[in-house]
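**Q** You'll find upload.txt just under this line, and it carries compact mmCIF, C-alpha atoms and all ligand atoms.
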```
# COMPACT_ATOMS: atom_id res chain seq x y z
CA MET A 142 32.14 106.29 63.88
CA ASN A 143 35.42 104.57 64.58
CA HIS A 144 37.07 106.25 67.57
CA GLN A 145 40.35 104.37 67.47
CA PRO A 146 43.18 105.21 67.61
CA TYR A 147 42.01 108.70 68.66
CA GLU A 148 40.36 107.53 71.85
CA ARG A 149 43.64 105.99 72.92
CA TRP A 150 45.59 109.08 71.90
CA ILE A 151 43.46 111.27 74.16
CA PHE A 152 45.11 109.58 77.15
CA GLU A 153 48.59 109.51 75.68
CA SER A 154 48.77 113.08 74.51
CA ASP A 155 52.29 113.49 75.94
CA SER A 156 53.83 110.82 73.75
CA LEU A 157 52.20 111.68 70.40
CA THR A 158 54.13 112.74 67.30
CA HIS A 159 53.29 116.03 65.65
CA ALA A 160 51.36 114.27 62.87
CA GLU A 161 49.39 112.26 65.42
CA GLN A 162 48.53 115.40 67.36
CA GLU A 163 47.19 117.01 64.21
CA ALA A 164 45.16 113.93 63.32
CA LEU A 165 43.73 113.87 66.85
CA ALA A 166 42.81 117.57 66.65
CA THR A 167 41.02 116.97 63.34
CA HIS A 168 39.08 114.05 64.81
CA LEU A 169 38.15 116.00 67.95
CA ALA A 170 36.78 118.81 65.81
CA THR A 171 34.34 116.42 64.15
CA CYS A 172 33.59 113.89 66.91
CA LYS A 173 31.51 115.13 69.84
CA GLU A 174 31.99 111.97 71.89
CA CYS A 175 35.77 112.08 71.78
CA ALA A 176 35.80 115.84 72.36
CA ARG A 177 33.72 115.37 75.50
CA LEU A 178 35.89 112.52 76.73
CA ARG A 179 38.98 114.63 76.16
CA GLN A 180 37.47 117.55 78.07
CA LYS A 181 36.50 115.39 81.04
CA TRP A 182 39.89 113.71 81.12
CA SER A 183 41.83 116.97 81.16
CA GLN A 184 39.58 118.26 83.96
CA LEU A 185 40.09 115.11 85.97
CA GLU A 186 43.83 115.17 85.45
CA GLU A 187 44.07 118.77 86.50
CA GLU A 188 41.69 118.72 89.44
CA ALA A 189 42.19 115.32 90.99
CA LEU A 190 45.29 113.63 89.67
CA SER A 191 47.85 116.41 89.29
CA SER A 192 48.59 116.83 93.01
CA PRO A 193 46.85 113.96 94.77
CA VAL A 194 46.61 114.05 98.57
CA MET A 195 48.69 111.56 100.56
CA LEU A 196 46.63 110.30 103.47
CA ALA A 197 48.42 109.43 106.73
CA PRO A 198 47.43 106.79 109.27
CA GLN A 199 46.17 107.67 112.74
CA PRO A 200 49.00 108.85 115.04
CA GLY A 201 50.90 106.05 116.80
CA PHE A 202 51.30 103.78 113.78
CA THR A 203 54.89 102.85 114.69
CA ARG A 204 53.91 102.11 118.31
CA ARG A 205 51.17 99.82 117.03
CA TRP A 206 53.73 98.22 114.73
CA ARG A 207 56.04 97.39 117.68
CA HIS A 208 53.15 95.76 119.55
CA SER A 209 51.98 93.77 116.57
CA LEU A 210 55.55 92.64 115.83
CA ILE A 211 55.75 90.89 119.21
CA GLU A 212 52.38 89.19 118.70
CA ARG A 213 53.06 88.19 115.11
CA ARG A 214 56.43 86.73 116.01
CA GLN A 215 54.94 84.59 118.79
CA ARG A 216 52.20 83.41 116.45
CA GLU A 217 54.76 82.53 113.79
CA GLN A 218 56.86 80.56 116.32
CA ARG A 219 53.86 78.56 117.48
CA ARG A 220 52.96 77.86 113.88
CA GLN A 221 56.52 76.66 113.18
CA ALA A 222 56.48 74.36 116.21
CA TRP A 223 53.22 72.84 115.03
CA ARG A 224 54.56 72.38 111.53
CA PHE A 225 57.64 70.65 112.94
CA PHE A 226 55.59 68.22 115.06
CA LEU A 227 53.22 67.45 112.22
CA PHE A 228 56.25 66.78 110.04
CA LEU A 229 57.66 64.37 112.65
CA VAL A 230 54.33 62.55 112.99
CA ALA A 231 53.95 62.30 109.22
CA ALA A 232 57.51 61.02 108.77
CA THR A 233 57.08 58.38 111.50
CA THR A 234 53.76 57.23 110.05
CA LEU A 235 55.31 57.03 106.61
CA VAL A 236 58.24 54.91 107.81
CA PHE A 237 55.87 52.63 109.74
CA LEU A 238 53.52 52.24 106.78
CA SER A 239 56.34 51.47 104.38
CA LEU A 240 57.65 48.81 106.77
CA VAL A 241 54.18 47.24 106.90
CA CYS A 242 54.00 47.35 103.09
CA ILE A 243 57.39 45.68 102.73
CA LEU A 244 56.31 42.97 105.17
CA LEU A 245 53.05 42.43 103.31
CA LEU A 246 54.87 42.18 100.00
CA THR A 247 57.60 39.82 101.15
CA THR A 248 55.70 37.54 103.52
CA SER A 249 52.32 35.73 103.65
CA PRO A 250 49.67 36.07 106.45
CA THR A 251 50.35 32.46 107.62
CA GLU A 252 53.99 33.33 108.14
CA TRP A 253 52.84 36.41 110.11
CA ILE A 254 50.70 34.37 112.48
CA GLN A 255 53.47 31.81 112.95
CA ALA A 256 56.00 34.58 113.67
CA ALA A 257 53.62 36.26 116.12
CA VAL A 258 52.98 33.04 118.07
CA HIS A 259 56.68 32.29 118.11
CA THR A 260 57.56 35.82 119.35
CA LEU A 261 54.94 35.64 122.12
CA ALA A 262 56.24 32.26 123.27
CA THR A 263 59.90 33.36 123.30
CA THR A 264 59.01 36.65 125.03
CA ALA A 265 57.24 34.76 127.80
CA SER A 266 60.14 32.34 128.28
CA THR A 267 62.71 35.17 128.08
CA PHE A 268 60.75 37.13 130.68
CA ALA A 269 60.64 34.10 132.99
CA ALA A 270 64.38 33.57 132.53
CA ALA A 271 65.14 37.24 133.22
CA ARG A 272 62.99 37.18 136.36
CA GLY A 273 64.82 34.07 137.59
CA LEU A 274 68.15 35.77 136.92
CA ALA A 275 67.08 38.95 138.77
CA PHE A 276 65.91 36.96 141.83
CA THR A 277 69.18 35.03 141.91
CA TRP A 278 71.13 38.32 141.71
CA LEU A 279 69.03 39.94 144.46
CA SER A 280 69.54 37.03 146.83
CA LEU A 281 73.29 36.83 146.18
CA ALA A 282 74.42 40.51 145.97
CA PRO A 283 74.70 42.70 149.10
CA ALA A 284 71.64 44.87 149.87
CA SER A 285 73.61 48.20 149.65
CA LEU A 286 74.66 47.49 146.05
CA ASN A 287 71.05 46.72 145.11
CA ILE A 288 69.87 50.06 146.53
CA ILE A 289 72.57 51.99 144.62
CA ILE A 290 71.68 50.28 141.35
CA GLY A 291 67.99 50.99 141.96
CA ILE A 292 68.64 54.70 142.59
CA ALA A 293 70.90 54.97 139.50
CA LEU A 294 68.27 53.38 137.27
CA GLY A 295 65.48 55.59 138.65
CA LEU A 296 67.61 58.72 138.29
CA SER A 297 68.61 58.14 134.67
CA PHE A 298 65.00 57.42 133.76
CA SER A 299 63.81 60.68 135.41
CA ILE A 300 66.54 62.66 133.63
CA LEU A 301 65.44 61.25 130.27
CA VAL A 302 61.82 62.23 130.95
CA LEU A 303 62.95 65.70 132.05
CA ILE A 304 65.05 66.29 128.92
CA TRP A 305 62.19 65.16 126.73
CA THR A 306 59.67 67.48 128.46
CA PHE A 307 62.10 70.42 128.28
CA ALA A 308 62.73 69.88 124.55
CA ILE A 309 59.01 69.90 123.77
CA TRP A 310 58.36 72.95 125.94
CA LYS A 311 61.27 74.86 124.39
CA THR A 312 60.21 74.08 120.82
CA ALA A 313 56.64 75.08 121.49
CA LEU A 314 57.82 78.37 122.97
CA THR A 315 60.53 79.53 120.60
CA GLY A 316 59.88 77.78 117.33
CA VAL A 317 62.13 75.46 115.48
CA TRP A 318 63.73 77.69 112.90
CA ASN A 319 64.39 81.15 114.26
CA ARG A 320 65.08 84.03 111.93
CA MET B 14 66.35 106.80 100.16
CA ASN B 15 68.99 108.86 101.93
CA ASN B 16 72.17 107.62 103.63
CA LEU B 17 70.56 107.44 107.05
CA GLU B 18 67.70 105.30 105.75
CA ALA B 19 70.16 103.05 103.92
CA GLU B 20 72.00 102.58 107.21
CA TRP B 21 68.74 101.71 109.03
CA LEU B 22 68.00 99.22 106.31
CA GLN B 23 71.39 97.54 106.74
CA GLN B 24 70.86 97.37 110.51
CA ALA B 25 67.35 96.00 110.02
CA ILE B 26 68.63 93.32 107.63
CA HIS B 27 71.03 92.27 110.38
CA GLY B 28 68.12 91.84 112.79
CA ASP B 29 67.86 95.25 114.48
CA ASP B 30 64.15 95.72 115.26
CA ASN B 31 64.60 99.35 116.32
CA ALA B 32 66.13 100.18 112.95
CA PHE B 33 63.15 98.55 111.27
CA SER B 34 60.80 100.65 113.42
CA LEU B 35 62.52 103.76 112.06
CA ILE B 36 61.83 102.48 108.55
CA VAL B 37 58.18 101.95 109.51
CA GLU B 38 58.05 105.51 110.86
CA THR B 39 59.50 106.86 107.60
CA TYR B 40 57.34 104.90 105.16
CA GLN B 41 54.06 104.64 107.08
CA ARG B 42 52.40 107.41 105.11
CA PRO B 43 53.04 106.24 101.51
CA VAL B 44 52.21 102.64 102.47
CA TYR B 45 49.03 103.61 104.36
CA ASN B 46 47.91 105.92 101.56
CA LEU B 47 48.30 103.15 98.97
CA CYS B 48 46.30 100.74 101.14
CA TYR B 49 43.62 103.34 101.79
CA ARG B 50 43.28 104.21 98.10
CA MET B 51 43.07 100.51 97.28
CA LEU B 52 40.65 99.44 100.02
CA GLY B 53 38.69 102.62 100.79
CA ASP B 54 38.38 101.92 104.52
CA PRO B 55 40.60 103.40 107.26
CA GLN B 56 40.64 100.30 109.48
CA GLU B 57 41.30 97.92 106.61
CA ALA B 58 43.98 100.27 105.34
CA GLU B 59 45.65 100.30 108.79
CA ASP B 60 45.59 96.48 108.93
CA ALA B 61 46.88 96.17 105.38
CA ALA B 62 49.69 98.66 106.07
CA GLN B 63 50.73 96.72 109.21
CA GLU B 64 50.61 93.48 107.24
CA THR B 65 52.75 95.04 104.50
CA PHE B 66 55.46 95.96 107.00
CA TRP B 67 55.30 92.46 108.53
CA ARG B 68 55.73 90.86 105.11
CA ALA B 69 58.61 93.21 104.34
CA TYR B 70 60.16 92.40 107.74
CA GLN B 71 60.00 88.68 107.02
CA ALA B 72 61.31 89.03 103.46
CA LEU B 73 64.04 91.56 104.29
CA ASN B 74 66.89 89.17 103.56
CA ARG B 75 65.42 88.52 100.11
CA TYR B 76 65.22 92.24 99.25
CA ASP B 77 67.23 93.08 96.13
CA GLN B 78 69.22 96.14 97.13
CA GLN B 79 69.58 97.28 93.52
CA ARG B 80 65.88 98.12 93.61
CA PRO B 81 64.58 101.26 95.38
CA PHE B 82 63.28 100.26 98.81
CA ALA B 83 60.06 102.31 98.49
CA THR B 84 59.22 100.62 95.19
CA TRP B 85 59.71 97.20 96.77
CA LEU B 86 57.62 98.09 99.81
CA LEU B 87 54.78 99.56 97.74
CA SER B 88 54.82 96.51 95.51
CA ILE B 89 54.24 94.30 98.56
CA ALA B 90 51.37 96.56 99.65
CA ALA B 91 49.79 96.59 96.18
CA HIS B 92 49.91 92.80 95.84
CA TYR B 93 48.43 92.35 99.29
CA CYS B 94 45.59 94.81 98.67
CA ILE B 95 44.74 93.25 95.29
CA ASP B 96 44.54 89.82 96.98
CA GLN B 97 42.38 91.23 99.77
CA GLN B 98 39.94 92.66 97.25
CA ARG B 99 39.73 89.37 95.39
CA LYS B 100 38.90 87.55 98.62
CA ARG B 101 36.14 90.00 99.47
CA ARG B 102 32.74 88.91 98.28
CA PHE B 103 31.12 92.31 98.49
CA PRO B 104 33.41 95.26 97.90
CA THR B 105 32.70 97.92 100.49
CA LEU B 106 33.74 101.51 100.53
CA ALA B 107 33.17 103.40 103.74
CA LEU B 108 33.26 106.85 102.28
CA ASP B 109 31.90 108.64 105.31
CA LEU B 110 34.77 107.31 107.42
CA LEU B 111 37.67 109.17 105.93
CA PRO B 112 40.65 109.35 108.27
CA GLU B 113 41.17 112.52 110.23
CA GLU B 114 44.37 113.29 108.39
CA THR B 115 42.32 113.97 105.28
CA ILE B 116 41.49 117.28 106.83
CA PRO B 117 44.29 119.75 106.21
CA ASP B 118 45.75 120.66 109.60
CA ALA B 119 45.79 124.41 109.13
CA THR B 120 42.32 124.96 107.76
CA PRO B 121 40.18 126.87 110.22
CA ASN B 122 37.28 126.97 107.80
CA PRO B 123 34.92 124.06 108.48
CA GLU B 124 33.25 124.53 105.13
CA LYS B 125 36.57 124.02 103.39
CA VAL B 126 37.22 120.92 105.47
CA PHE B 127 33.87 119.55 104.39
CA LEU B 128 34.63 120.30 100.75
CA GLU B 129 38.01 118.61 101.00
CA LEU B 130 36.30 115.54 102.48
CA GLU B 131 33.76 115.62 99.67
CA HIS B 132 36.52 115.86 97.14
CA GLN B 133 38.43 112.92 98.64
CA GLY B 134 35.19 110.96 98.79
CA GLN B 135 34.66 111.61 95.12
CA ILE B 136 38.16 110.41 94.28
CA GLN B 137 37.58 107.23 96.29
CA ARG B 138 34.25 106.63 94.53
CA LEU B 139 35.98 106.99 91.18
CA LEU B 140 38.78 104.62 92.16
CA ALA B 141 36.22 102.11 93.45
CA ARG B 142 34.84 101.73 89.92
CA LEU B 143 38.08 100.17 88.73
CA SER B 144 39.14 96.54 89.06
CA PRO B 145 41.80 96.13 91.77
CA PRO B 146 44.79 95.76 89.40
CA ASP B 147 43.62 98.72 87.28
CA ARG B 148 43.17 100.74 90.47
CA ALA B 149 46.65 99.82 91.67
CA ALA B 150 48.13 100.89 88.32
CA ILE B 151 46.36 104.27 88.48
CA ILE B 152 47.37 104.88 92.11
CA LEU B 153 51.02 104.00 91.47
CA ARG B 154 51.01 106.22 88.38
CA TYR B 155 49.44 109.35 89.88
CA TRP B 156 50.11 109.17 93.62
CA TYR B 157 53.63 107.81 93.37
CA GLN B 158 54.71 108.96 89.88
CA PHE B 159 55.76 105.42 88.91
CA SER B 160 56.80 104.92 85.28
CA GLU B 161 55.05 102.24 83.25
CA GLU B 162 58.12 100.01 83.71
CA GLU B 163 58.00 100.45 87.48
CA ILE B 164 54.27 99.71 87.57
CA ALA B 165 54.84 96.59 85.46
CA ARG B 166 57.54 95.36 87.81
CA SER B 167 55.57 96.20 90.96
CA LEU B 168 52.40 94.45 89.83
CA SER B 169 54.18 91.57 88.03
CA LEU B 170 52.65 92.53 84.68
CA SER B 171 54.10 93.07 81.22
CA ILE B 172 54.55 96.67 80.07
CA SER B 173 51.94 96.22 77.35
CA ALA B 174 49.49 94.90 79.96
CA VAL B 175 50.15 97.99 82.08
CA LYS B 176 49.59 100.25 79.07
CA SER B 177 46.25 98.65 78.25
CA ARG B 178 45.19 98.65 81.92
CA LEU B 179 46.08 102.34 82.26
CA PHE B 180 44.17 103.17 79.10
CA ARG B 181 41.09 101.25 80.20
CA ALA B 182 41.23 102.78 83.69
CA ARG B 183 41.72 106.34 82.45
CA ARG B 184 38.81 106.03 80.05
CA GLU B 185 36.61 104.60 82.79
CA LEU B 186 37.59 107.41 85.18
CA ALA B 187 37.08 110.13 82.58
CA GLN B 188 33.66 108.79 81.63
CA ALA B 189 32.57 108.63 85.27
CA TYR B 190 34.05 111.95 86.31
CA GLU B 191 31.65 114.75 87.08
CA ALA B 192 33.58 117.95 87.47
CA PRO B 193 32.67 119.78 90.67
CA ALA B 194 31.36 123.32 90.34
CA ALA B 195 34.25 125.76 90.16
CA SER B 196 33.59 127.20 93.64
CA ALA B 197 33.23 123.79 95.27
CA LEU B 198 36.75 122.66 94.59
CA PRO B 199 38.93 123.25 97.62
CA GLU B 200 42.22 124.97 97.27
CA ARG B 201 45.01 122.40 97.21
CA ARG B 202 47.33 122.42 100.15
CA LYS B 203 50.16 124.70 99.23
CA ASN B 204 52.96 122.74 100.88
CA GLU B 205 51.67 119.31 99.91
CA SER B 206 54.62 116.99 100.14
CA PRO B 207 55.31 114.87 97.08
CA ALA B 208 54.63 111.16 97.22
CA LEU B 209 57.94 110.01 98.64
ZN ZN C 1 35.61 109.84 68.19
```
I need this file expressed as structure tokens, please.

**A**
Amino acid sequence: MNHQPYERWIFESDSLTHAEQEALATHLATCKECARLRQKWSQLEEEALSSPVMLAPQPGFTRRWRHSLIERRQREQRRQAWRFFLFLVAATTLVFLSLVCILLLTTSPTEWIQAAVHTLATTASTFAAARGLAFTWLSLAPASLNIIIGIALGLSFSILVLIWTFAIWKTALTGVWNR
Amino acid sequence: MNNLEAEWLQQAIHGDDNAFSLIVETYQRPVYNLCYRMLGDPQEAEDAAQETFWRAYQALNRYDQQRPFATWLLSIAAHYCIDQQRKRRFPTLALDLLPEETIPDATPNPEKVFLELEHQGQIQRLLARLSPPDRAAIILRYWYQFSEEEIARSLSLSISAVKSRLFRARRELAQAYEAPAASALPERRKNESPAL
């Protein structure tokens, strides 16, 4: 026996037209299967679904929420810091790789070797020249001035290192993009 | 949502964590109940409810204020629970671990408490037969009195998809339902609060 559309109508009894209701009643009178389904459905609706129980969590849900909020926020900040560093690393690698690619495309390996040898040679001679210059300066300038310049150089270098360390520590602790 | 809750919501949107805690306090029960009905385990339901509030907290500035807040919150919970169930390889239902709150507070009769537990267990067993989206549709329809349009919006489905899911789920439930003996059915709590 074909149970459609009656089977569907059993569950939509509220929205049926008068004619549909009559047709359903006629079908139910002759079809045991649909009649049984209809009976079970009305029982279920009445006994279990008409006033369903709302379960509550264990007491202290909001307190647990406050605790988990602190933890989740810290976790999220760490994750953001990591994402930021990975992004920086990826961007640097990408720039470096594209430079290498451009070099490979525009120049030949022989030119590379020549350039490398040339750079090494000039670096060595430049270094020697700079050392000569520094020695000349040291022997000519008064000792007090040399000490002051030394301290100034050392200090600015330490400050740079300090700022760098602080920036990394801060980002790791608080995240990059705060809500 | 009353005026006070609307005010909390505004404060929470502007970054007031205490205001958001008040929202959690207000909506913990409907959210937890949805998660419990979806997952069938008190601990998983607790975790899912906490996760729901965290997701809502993070997405608060994207909340469309034309939409009822409860509907939005429950939609987050439903989506999360459906995803959880899909990730699970073996669906589990810890029926003997119903939360304490299942037991009506003012029932001195232990037999009645047991029957109520049995009854809730039966409801959970019935719900467990359904696929997660079908289950979510049924829960939103009967526990929260959502219209078909609201269910469609909450579960990101078309209205015709909701209709066919509801039909399939109702038929499945009716076929599986074994009516308890008349005496075994516990009296419903008289002052049962409505869903929201
Ligand atoms: Zn039939």

**Q** Can you work out which residues are within 6 Å of ligand ZN 1 (chain C), considering all atoms listed in the file, and then hand them over as a VMD selection string?

**A** chain A and resid 144 172 174 to 175

**Q** How would the residues just chosen look if you wrote them out with C-alpha atoms as a short mmCIF file (atom, residue, chain, number, x, y, z; two decimals), keeping the file's coordinate frame?

**A**
```cif
data_model
loop_
_atom_site.label_atom_id
_atom_site.label_comp_id
_atom_site.auth_asym_id
_atom_site.auth_seq_id
_atom_site.Cartn_x
_atom_site.Cartn_y
_atom_site.Cartn_z
CA HIS A 144 37.07 106.25 67.57
CA CYS A 172 33.59 113.89 66.91
CA GLU A 174 31.99 111.97 71.89
CA CYS A 175 35.77 112.08 71.78
#
```

**Q** Could you check how far CA of Met51 (chain B) sits from CA of Pro198 (chain A), in Å to one decimal?

**A**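 Separation of CA of Met51 (chain B) and CA of Pro198 (chain A): 14.2 Å.
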
**Q** Identify which of the residues B:Gln188, B:Ser167, B:Thr84, B:Gln98 lies closest to Ala150 (chain B), counting only C-alpha atoms when measuring atom-to-atom distances.

**A**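 Among the listed residues, B:Ser167 lies closest to Ala150 (chain B).
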
**Q** With 10 Å as the limit and counting all atoms listed in the file, what residues in chain A lie close to chain B? Please list them as a PyMOL selection string.

**A** chain A and resi 148-153+177-186+188-207+209-210+213-214+320

**Q** To one decimal place in Å, what is the distance between CA of Tyr76 (chain B) and CA of Gln24 (chain B)?

**A**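 Spanning CA of Tyr76 (chain B) to CA of Gln24 (chain B) is a straight-line distance of 13.6 Å.
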
**Q** Return as JSON the centre and edge lengths, in Å with one decimal, of the box along x, y and z that encloses every atom of region 76-86 of chain B in the file, padded by 8 Å per side.

**A**
```
{"center_x": 63.6, "center_y": 97.3, "center_z": 96.7, "size_x": 28.0, "size_y": 26.1, "size_z": 22.3}
```

**Q** Skip Ser173 (chain B) itself and residues of its chain fewer than 6 positions away, then list as a list in words all residues within 12 Å of it, counting only C-alpha atoms.

**A**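 What passes the distance filter is Glu161, Glu162, Ile164, Ala165, Arg166, Leu179 and Phe180 of chain B.
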
**Q** So what do you get for CA of Leu139 (chain B) versus CA of Ala174 (chain B), distance-wise?

**A**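 Value for the CA of Leu139 (chain B)-CA of Ala174 (chain B) distance: 21.3 Å.
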
**Q** As a PDB file, in the frame of the given file, could you write out region 193-202 of chain A once it has been completed with all heavy atoms?

**A**
```
ATOM      1  N   PRO A 193      47.723 114.734  93.899  1.00  0.00           N
ATOM      2  CA  PRO A 193      46.850 113.960  94.770  1.00  0.00           C
ATOM      3  C   PRO A 193      47.292 113.997  96.229  1.00  0.00           C
ATOM      4  O   PRO A 193      48.484 114.090  96.516  1.00  0.00           O
ATOM      5  CB  PRO A 193      46.942 112.537  94.203  1.00  0.00           C
ATOM      6  CG  PRO A 193      48.162 112.507  93.380  1.00  0.00           C
ATOM      7  CD  PRO A 193      48.529 113.894  93.012  1.00  0.00           C
ATOM      8  N   VAL A 194      46.331 113.954  97.137  1.00  0.00           N
ATOM      9  CA  VAL A 194      46.610 114.050  98.570  1.00  0.00           C
ATOM     10  C   VAL A 194      47.097 112.697  99.089  1.00  0.00           C
ATOM     11  O   VAL A 194      46.551 111.663  98.759  1.00  0.00           O
ATOM     12  CB  VAL A 194      45.323 114.474  99.324  1.00  0.00           C
ATOM     13  CG1 VAL A 194      45.539 114.445 100.824  1.00  0.00           C
ATOM     14  CG2 VAL A 194      44.887 115.850  98.868  1.00  0.00           C
ATOM     15  N   MET A 195      48.162 112.763  99.905  1.00  0.00           N
ATOM     16  CA  MET A 195      48.690 111.560 100.560  1.00  0.00           C
ATOM     17  C   MET A 195      48.072 111.457 101.947  1.00  0.00           C
ATOM     18  O   MET A 195      48.326 112.297 102.796  1.00  0.00           O
ATOM     19  CB  MET A 195      50.206 111.713 100.758  1.00  0.00           C
ATOM     20  CG  MET A 195      50.999 111.291  99.589  1.00  0.00           C
ATOM     21  SD  MET A 195      51.114 109.497  99.576  1.00  0.00           S
ATOM     22  CE  MET A 195      51.870 109.297  98.003  1.00  0.00           C
ATOM     23  N   LEU A 196      47.254 110.459 102.155  1.00  0.00           N
ATOM     24  CA  LEU A 196      46.630 110.300 103.470  1.00  0.00           C
ATOM     25  C   LEU A 196      47.603 109.621 104.430  1.00  0.00           C
ATOM     26  O   LEU A 196      48.373 108.754 104.025  1.00  0.00           O
ATOM     27  CB  LEU A 196      45.370 109.453 103.348  1.00  0.00           C
ATOM     28  CG  LEU A 196      44.304 110.009 102.413  1.00  0.00           C
ATOM     29  CD1 LEU A 196      43.171 109.018 102.265  1.00  0.00           C
ATOM     30  CD2 LEU A 196      43.783 111.346 102.929  1.00  0.00           C
ATOM     31  N   ALA A 197      47.543 110.039 105.711  1.00  0.00           N
ATOM     32  CA  ALA A 197      48.420 109.430 106.730  1.00  0.00           C
ATOM     33  C   ALA A 197      47.584 108.596 107.681  1.00  0.00           C
ATOM     34  O   ALA A 197      46.399 108.854 107.861  1.00  0.00           O
ATOM     35  CB  ALA A 197      49.136 110.532 107.496  1.00  0.00           C
ATOM     36  N   PRO A 198      48.189 107.579 108.284  1.00  0.00           N
ATOM     37  CA  PRO A 198      47.430 106.790 109.270  1.00  0.00           C
ATOM     38  C   PRO A 198      47.201 107.583 110.554  1.00  0.00           C
ATOM     39  O   PRO A 198      47.770 108.659 110.719  1.00  0.00           O
ATOM     40  CB  PRO A 198      48.341 105.589 109.532  1.00  0.00           C
ATOM     41  CG  PRO A 198      49.709 106.070 109.216  1.00  0.00           C
ATOM     42  CD  PRO A 198      49.559 107.089 108.120  1.00  0.00           C
ATOM     43  N   GLN A 199      46.374 107.048 111.430  1.00  0.00           N
ATOM     44  CA  GLN A 199      46.170 107.670 112.740  1.00  0.00           C
ATOM     45  C   GLN A 199      47.520 107.733 113.458  1.00  0.00           C
ATOM     46  O   GLN A 199      48.356 106.857 113.255  1.00  0.00           O
ATOM     47  CB  GLN A 199      45.208 106.824 113.580  1.00  0.00           C
ATOM     48  CG  GLN A 199      43.791 106.753 113.047  1.00  0.00           C
ATOM     49  CD  GLN A 199      43.013 108.045 113.255  1.00  0.00           C
ATOM     50  OE1 GLN A 199      43.354 108.827 114.132  1.00  0.00           O
ATOM     51  NE2 GLN A 199      42.004 108.266 112.453  1.00  0.00           N
ATOM     52  N   PRO A 200      47.723 108.760 114.315  1.00  0.00           N
ATOM     53  CA  PRO A 200      49.000 108.850 115.040  1.00  0.00           C
ATOM     54  C   PRO A 200      49.256 107.559 115.846  1.00  0.00           C
ATOM     55  O   PRO A 200      48.322 106.896 116.272  1.00  0.00           O
ATOM     56  CB  PRO A 200      48.796 110.034 115.985  1.00  0.00           C
ATOM     57  CG  PRO A 200      47.689 110.831 115.382  1.00  0.00           C
ATOM     58  CD  PRO A 200      46.824 109.874 114.626  1.00  0.00           C
ATOM     59  N   GLY A 201      50.537 107.238 116.007  1.00  0.00           N
ATOM     60  CA  GLY A 201      50.900 106.050 116.800  1.00  0.00           C
ATOM     61  C   GLY A 201      51.042 104.790 115.976  1.00  0.00           C
ATOM     62  O   GLY A 201      51.051 103.693 116.514  1.00  0.00           O
ATOM     63  N   PHE A 202      51.198 104.955 114.660  1.00  0.00           N
ATOM     64  CA  PHE A 202      51.300 103.780 113.780  1.00  0.00           C
ATOM     65  C   PHE A 202      52.517 102.923 114.152  1.00  0.00           C
ATOM     66  O   PHE A 202      52.431 101.695 114.234  1.00  0.00           O
ATOM     67  CB  PHE A 202      51.390 104.235 112.323  1.00  0.00           C
ATOM     68  CG  PHE A 202      51.380 103.109 111.333  1.00  0.00           C
ATOM     69  CD1 PHE A 202      50.184 102.598 110.861  1.00  0.00           C
ATOM     70  CD2 PHE A 202      52.580 102.556 110.873  1.00  0.00           C
ATOM     71  CE1 PHE A 202      50.170 101.551 109.949  1.00  0.00           C
ATOM     72  CE2 PHE A 202      52.560 101.502 109.963  1.00  0.00           C
ATOM     73  CZ  PHE A 202      51.364 101.004 109.503  1.00  0.00           C
TER      74      PHE A 202
END
```
